[in-house]
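*Asks:* Sending over a structure as C-alpha cells; questions will come in a sec.
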Amino acid sequence: MNATMDVLVSLSKRRGFVFQSSEIYGGTGSCWDYGPLGVELKNNIKRVWWRDFVQARADMVGIDASILMHSTVWKASGHLDHFTDPMVDCRECKHRFRADHVNDLPWTHYCPATKGNKFTIPPGEPCGHCGQRRTLCPECGKGELTAPRQFNLMFKTFMGPVEEDAAVTYLRPETAQAMFVNFDNVLQSMRLKLPFGVAQAGRSFRNEITPGNFIFRTREFEQMEIEYFVNPHDRVDGRSADEYWHDRWIGDCMAWFQRYGLRDENLRLREHDKDELAHYAKRTVDIEYKFPIGWSELMGIANRTDFDLKQHSKWSGKSLTYFDEERKEHVVPYVVEPAAGVDRALLAFMADAYREEEVRGEKRVVLRFHPELAPLKVAVLPLLKKREDIVRVAQTIRADLARQWRVVYDDTAAIGRLYRRQDEVGTPYCVTVDVQTVGDAERGETGDQRVTIRERDSMEQIRVPVAELAAVFRELLGGVTWTDLAPRYPPVRS
RNA sequence: GCGGGAAUAGCUCAGUGGUAGAGCGCCAGCCUUCCAAGCUGGGGGUCGCGGGUUCGAAUCCCGUUUCCCGCUCCA
C-alpha cells in the first residue's frame, strides 16, 4: 500500500522524524521541526547530494552564504518588485494591479447613462455622464477587483537594533542569488574555467500564500541548489552549451533520485509551458514525484540564461563576465539551475520507502530506506539481557561501530519486537548477540565469536565473526548489496 | 478569501450535563535462545485555547487558534 500523508505524519511524530513546530503552544502553521531521526535522515540526504554533485566532480565547488543579504540583491533579482506590494486582481480579465497605484490609473468606463459607451476617465474624476466613480477594473472596465492582498512573499526584517533607523532587508527566498552575487569571487579564487558550477544547501524563506501538506510547502524550508555556468557560445554535441547542459542536468538529477530509492513509476518530468515560465527562464523542466497528495514538484531545473548575472552587473556596477581565452572576448555566462527542496526530497524518500507487509499473519511496517539515507545504520540487540557476557559483547560492538556510524543499542523487549521497531524507522541492519557467540563458561563451552546480522528488507540472517563486523558494514553501507555479500557467510534459519 | 468537518493519553479512537476511558505503544519486573509471545505492575490527559450558561461542562452556547476536505486564489 502507498503511504497516506496521515500515516507519514503520524509515524514521523511517533518515531521522532518530524514534529510540528511549537506544538505545545498549539502549533505554528507551516513550520515543522526535525526530530532525532529526522535530522539524521536530512543530514544524510544533504551529505550524499554534496558528495555526489560537488565532491565527486572536478567542475563543481560549493559555498555557504549568509541568509541576510544586501537588500539591493532582491531589487536586482526582481523579487522585490514582484512580490512585496499589495496587489488587486480583476476577476474578469485577470489583470493585476498594485493596489496603491490603481486609483492613479485612468479608468475605462462603460457608462450606463450613455448606453454603454466607453470613456476613459482621468484619475480621481467621476464620470461626467452618470457621476459614477471607479468601482471596476481600470483595464477592461468590466470586472470587479479583489480586495488588496499583501503579497509579502519575502520575509521583511531589519538590520540594526533600532527598527526605525535600521536598514530593511529580507530573509532570502532562494539560495541562488548568493551564488550569482559571489560569481566573481568564486571564479577568481578558484581559477575556474567554464563550464563550472557552484552548489549550496541552505534555508530559504517564503511567505507562501497556501502552505500546507505537511513538509511539502512550508514558509521556512531548505534548498539544495546548483548554479552551473556555461559559455553560451560554446557548442556541445552540435547544440548550444546551455541547452546541452540543461538536458545533462535533468538526466543526472533524475538518476540521482532513482539511485537513492525513488521508484521509476513515481517519477516523471514535466516541461513548463511557455506562459508559465518565470521571467528569467528560457526553459524549465520539473522533476515531479507522486507524493501522497498527487504528482507535485520535487525539483526544478531551469535555464536562467544570463538574466541574473546581467541584473547584478547592472545594479552593482561590477562586471560579472568570464574571459574566453580562445575567442578573446568577455562573455556573460548562461546558467543552468538544478534546484531541489531538501524537505520535499525527504518526504519523497520517506513516502517511497514506506511499506506495510504481512509477516506471519502480523502487519509489519517498514521503511525501506537506502542504507546511505537511513537515519540509523545498525541496531545492536542482545538476545538475553540478563547474561552479562552477552551484554558486554553487545556493548563493545555498539561502541566500536558507533565510531563510524549511527548505531543504537536496544534490549528493552523480545527480539521480534526489537526487529519491528528497527523496521519501522528503516534501520537496514541488526546485529544480534546470543549464547552461541559467547559460549557457556559454566559448561566449559567457548563461543564461536560470531553474531547474527539481519537484513531489513529480506529479513535474512547470516553469521559473521565479530572481528569482521566493521569491514562487513563498510561494504554494506558503502554500496555492496546484501545479495552480493550474504553468500560469503553461513545463513541462519529463523 | 468562502463553505464544511475535526481537535480527548505517545498513536488510533470511545465517551451527548454527574468521579477521565479502551486498544495499541512506552517504562519496570518475571519469563523468554531470532521476527510486534505471556504474566504482573507502572507512568502518562488543566478533554486545543479563552469566555459564558449551570449546583455541576469533554458534553450546551459564544469567540478564537490549529489541522483536514472542497471551492477560490496563486506559481
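Note on naming: chains are A, B, ... as they come in the C-alpha cells, residues start from 1 per chain, ligands start from 1 in the order shown.
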Sort by chain and increasing residue number a table of all residues of chain B within 10 Å of chain A, each with its closest pair of atoms and their distance in Å to one decimal, counting only C-alpha atoms (C1' of nucleotides), and write it as CSV.
*Replies:*
residue,atom,partner,partner_atom,distance
B:G1,C1',A:Ala147,CA,9.1
B:G10,C1',A:Arg14,CA,6.4
B:C11,C1',A:Arg14,CA,7.0
B:G25,C1',A:Arg14,CA,9.3
B:C27,C1',A:Thr412,CA,9.2
B:U32,C1',A:Ala414,CA,7.5
B:U33,C1',A:Val435,CA,7.0
B:C34,C1',A:Ser494,CA,5.9
B:C35,C1',A:Gly416,CA,4.1
B:A36,C1',A:Arg417,CA,4.7
B:A37,C1',A:Ala414,CA,8.5
B:G48,C1',A:Gly26,CA,6.6
B:C49,C1',A:Gly26,CA,8.2
B:U65,C1',A:Gly26,CA,7.3
B:U66,C1',A:Gly26,CA,6.4
B:C67,C1',A:Gly29,CA,8.8
B:C68,C1',A:Asn213,CA,9.8
B:C73,C1',A:Ile209,CA,8.7
B:C74,C1',A:Ile209,CA,6.9
B:A75,C1',A:Glu276,CA,8.1
*Asks:* For Ile45 in chain A, work out the shell of residues within 7 Å, counting only C-alpha atoms (C1' of nucleotides) and skipping chain neighbours fewer than 4 positions away, then give it as a ChimeraX atom specification.
*Replies:* /A:41,49,373
*Asks:* Limited to N, CA and C atoms, could you put the picked residues into a file as a compact mmCIF listing (two decimals), in the first residue's frame?
*Replies:*
# COMPACT_ATOMS: atom_id res chain seq x y z
N LEU A 41 18.27 11.71 8.93
CA LEU A 41 17.85 11.46 7.56
C LEU A 41 18.14 12.67 6.68
N TRP A 49 24.07 14.21 -1.44
CA TRP A 49 23.93 15.19 -2.54
C TRP A 49 25.23 15.95 -2.74
N LEU A 373 20.90 6.55 3.30
CA LEU A 373 19.98 7.56 3.80
C LEU A 373 19.43 7.22 5.18
*Asks:* Of the candidates A:His279, A:Arg355, A:Lys42, A:Arg398, which shows the shortest atom-to-atom distance to Ala3 in chain A, using only C-alpha atoms?
*Replies:*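 Selected residue with least distance to Ala3 in chain A: A:Arg355.
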*Asks:* Would you kindly return, as an MDAnalysis selection string, each protein, DNA or RNA residue with an atom no farther than 9 Å from any atom of Trp405 in chain A, considering only C-alpha atoms (C1' of nucleotides) and excluding same-chain residues fewer than 2 positions away?
*Replies:* chainID A and resid 376:378 401:403 407
*Asks:* Those residues you just picked out, can you put them in a file as a JSON list (two decimals), in the first residue's frame with N, CA and C atoms?
*Replies:*
[["chain", "number", "residue", "atom", "x", "y", "z"],
["A", 376, "LEU", "N", 19.42, 5.49, 11.13],
["A", 376, "LEU", "CA", 20.21, 4.59, 11.95],
["A", 376, "LEU", "C", 20.73, 3.49, 11.04],
["A", 377, "LYS", "N", 22.00, 3.18, 11.16],
["A", 377, "LYS", "CA", 22.60, 2.20, 10.25],
["A", 377, "LYS", "C", 22.53, 0.79, 10.83],
["A", 378, "VAL", "N", 22.78, 0.68, 12.11],
["A", 378, "VAL", "CA", 22.85, -0.64, 12.73],
["A", 378, "VAL", "C", 22.22, -0.56, 14.13],
["A", 401, "LEU", "N", 31.27, 0.08, 16.49],
["A", 401, "LEU", "CA", 30.62, 0.51, 15.23],
["A", 401, "LEU", "C", 30.24, 1.99, 15.27],
["A", 402, "ALA", "N", 29.94, 2.47, 16.47],
["A", 402, "ALA", "CA", 29.47, 3.86, 16.60],
["A", 402, "ALA", "C", 30.56, 4.88, 16.29],
["A", 403, "ARG", "N", 31.79, 4.43, 16.19],
["A", 403, "ARG", "CA", 32.84, 5.37, 15.80],
["A", 403, "ARG", "C", 32.67, 5.80, 14.35],
["A", 407, "VAL", "N", 24.62, 4.21, 15.43],
["A", 407, "VAL", "CA", 24.28, 2.87, 15.89],
["A", 407, "VAL", "C", 23.48, 2.99, 17.18]]
*Asks:* Just the residues within 9 Å of range 469-474 of chain A, please, counting only C-alpha atoms (C1' of nucleotides), with nothing from its chain fewer than 5 positions along; format it as a PDB file with N, CA, C and O atoms, in the first residue's frame.
*Replies:*
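What ended up in around_4.pdb:
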ATOM      1  N   LYS A 377      22.005   3.178  11.158  1.00  0.00           N
ATOM      2  CA  LYS A 377      22.600   2.196  10.248  1.00  0.00           C
ATOM      3  C   LYS A 377      22.527   0.791  10.828  1.00  0.00           C
ATOM      4  O   LYS A 377      22.281  -0.163  10.098  1.00  0.00           O
ATOM      5  N   VAL A 378      22.777   0.680  12.109  1.00  0.00           N
ATOM      6  CA  VAL A 378      22.846  -0.642  12.734  1.00  0.00           C
ATOM      7  C   VAL A 378      22.218  -0.562  14.127  1.00  0.00           C
ATOM      8  O   VAL A 378      22.428   0.416  14.848  1.00  0.00           O
ATOM      9  N   ILE A 397      30.494  -4.094  20.791  1.00  0.00           N
ATOM     10  CA  ILE A 397      30.217  -3.974  19.352  1.00  0.00           C
ATOM     11  C   ILE A 397      29.579  -2.620  19.045  1.00  0.00           C
ATOM     12  O   ILE A 397      29.961  -1.933  18.101  1.00  0.00           O
ATOM     13  N   ASP A 400      32.130   0.115  19.192  1.00  0.00           N
ATOM     14  CA  ASP A 400      33.094   0.013  18.093  1.00  0.00           C
ATOM     15  C   ASP A 400      32.491   0.533  16.787  1.00  0.00           C
ATOM     16  O   ASP A 400      33.079   1.344  16.084  1.00  0.00           O
ATOM     17  N   LEU A 401      31.267   0.084  16.486  1.00  0.00           N
ATOM     18  CA  LEU A 401      30.621   0.505  15.234  1.00  0.00           C
ATOM     19  C   LEU A 401      30.239   1.992  15.269  1.00  0.00           C
ATOM     20  O   LEU A 401      30.233   2.667  14.247  1.00  0.00           O
ATOM     21  N   GLN A 404      31.981   4.949  13.580  1.00  0.00           N
ATOM     22  CA  GLN A 404      31.829   5.267  12.164  1.00  0.00           C
ATOM     23  C   GLN A 404      30.394   5.544  11.740  1.00  0.00           C
ATOM     24  O   GLN A 404      30.155   6.239  10.760  1.00  0.00           O
ATOM     25  N   TYR A 429      20.257  -2.770   9.140  1.00  0.00           N
ATOM     26  CA  TYR A 429      20.862  -3.990   9.680  1.00  0.00           C
ATOM     27  C   TYR A 429      20.750  -4.052  11.198  1.00  0.00           C
ATOM     28  O   TYR A 429      20.896  -3.050  11.885  1.00  0.00           O
ATOM     29  N   VAL A 451      28.292 -13.263  15.326  1.00  0.00           N
ATOM     30  CA  VAL A 451      26.988 -12.686  15.650  1.00  0.00           C
ATOM     31  C   VAL A 451      26.090 -12.759  14.415  1.00  0.00           C
ATOM     32  O   VAL A 451      26.561 -12.975  13.304  1.00  0.00           O
ATOM     33  N   VAL A 464      28.317 -13.754  11.213  1.00  0.00           N
ATOM     34  CA  VAL A 464      29.545 -13.061  10.844  1.00  0.00           C
ATOM     35  C   VAL A 464      30.455 -12.965  12.065  1.00  0.00           C
ATOM     36  O   VAL A 464      29.992 -12.641  13.155  1.00  0.00           O
ATOM     37  N   GLY A 479      27.821   0.567  -0.473  1.00  0.00           N
ATOM     38  CA  GLY A 479      27.394   0.282  -1.847  1.00  0.00           C
ATOM     39  C   GLY A 479      27.281  -1.200  -2.194  1.00  0.00           C
ATOM     40  O   GLY A 479      26.645  -1.552  -3.177  1.00  0.00           O
ATOM     41  N   VAL A 480      27.925  -2.073  -1.424  1.00  0.00           N
ATOM     42  CA  VAL A 480      27.805  -3.509  -1.718  1.00  0.00           C
ATOM     43  C   VAL A 480      26.424  -3.996  -1.268  1.00  0.00           C
ATOM     44  O   VAL A 480      25.984  -3.687  -0.164  1.00  0.00           O
ATOM     45  N   LEU A 485      26.830  -9.837  -0.752  1.00  0.00           N
ATOM     46  CA  LEU A 485      27.665 -10.120   0.411  1.00  0.00           C
ATOM     47  C   LEU A 485      27.234 -11.364   1.183  1.00  0.00           C
ATOM     48  O   LEU A 485      28.062 -12.169   1.632  1.00  0.00           O
TER      49      LEU A 485
END
*Asks:* For Leu309 in chain A, please output as a PDB file with C-alpha atoms, in the first residue's frame all residues within 8 Å (counting only C-alpha atoms (C1' of nucleotides); exclusion window: fewer than 6 positions along the same chain).
*Replies:*
ATOM      1  CA  PHE A 180      25.285  34.911  -8.622  1.00  0.00           C
ATOM      2  CA  VAL A 181      26.489  37.669  -6.320  1.00  0.00           C
ATOM      3  CA  LEU A 320      30.346  39.807 -13.960  1.00  0.00           C
ATOM      4  CA  VAL A 332      28.238  36.712 -19.599  1.00  0.00           C
ATOM      5  CA  PRO A 333      27.754  33.015 -18.826  1.00  0.00           C
TER       6      PRO A 333
END
*Asks:* Could you tell me how far CA of Tyr34 in chain A lies from CA of Leu8 in chain A, in Å and to one decimal?
*Replies:*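 If I compute the distance from CA of Tyr34 in chain A to CA of Leu8 in chain A, I get 13.5 Å.
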*Asks:* DSSP on the backbone: which residues in range 130-362 of chain A end up as alpha helix (DSSP H)? Give the answer as a PyMOL selection string.
*Replies:* chain A and resi 176-181+183-190+241-259+307-316+342-353
*Asks:* Residues within 8 Å of range 72-82 of chain A, please, as a list in words. Count only C-alpha atoms (C1' of nucleotides); anything in the same chain fewer than 6 positions from it doesn't count.
*Replies:*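 My reading of the contact set: Met154, Gln177, Val181, Asp308, Gln311, His312 and Trp315 of chain A.
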*Asks:* Pull the strand (DSSP E) assignments for range 271-468 of chain A out of DSSP run on the backbone, and list those residues as an MDAnalysis selection string.
*Replies:* chainID A and resid 271 283:291 294:305 322:324 329:331 334:341 354:359 362:367 378:382 407:409 429:433 450:455 461:465
*Asks:* What does the structure give for the distance between CA of Pro161 in chain A and CA of Ala65 in chain A, in Å to one decimal?
*Replies:*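 Atom-to-atom, CA of Pro161 in chain A and CA of Ala65 in chain A are spaced 22.2 Å apart.
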*Asks:* Give me the residues within 12 Å of G42 in chain B as a list in words, counting only C-alpha atoms (C1' of nucleotides) and dropping any in the same chain fewer than 4 places off.
*Replies:*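 My reading of the contact set: C26, C27, A28 and G29 of chain B.
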*Asks:* Take the residues just selected and output them with C-alpha atoms (C1' of nucleotides) as a PDB file, in the first residue's frame.
*Replies:*
ATOM      1  C1'   C B  26       6.008   3.230  26.241  1.00  0.00           C
ATOM      2  C1'   C B  27       8.556   2.054  31.236  1.00  0.00           C
ATOM      3  C1'   A B  28       9.795  -1.669  35.266  1.00  0.00           C
ATOM      4  C1'   G B  29       9.883  -6.775  36.997  1.00  0.00           C
TER       5        G B  29
END
*Asks:* Select, from B:C69, B:U59, B:U46, B:U40, the residue with the minimum atom-to-atom distance to G15 in chain B, counting only C-alpha atoms (C1' of nucleotides).
*Replies:*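 Nearest to G15 in chain B: B:U59.
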*Asks:* When distances are computed from only C-alpha atoms (C1' of nucleotides), which of B:G70, B:G23, B:G17, B:G3 shows the smallest separation from U54 in chain B?
*Replies:*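 That would be B:G17, the residue with the smallest distance to U54 in chain B.
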*Asks:* Quote the spacing between CA of Tyr280 in chain A and CA of Val336 in chain A in Å to one decimal place.
*Replies:*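 Distance reported for this atom pair: 11.3 Å.
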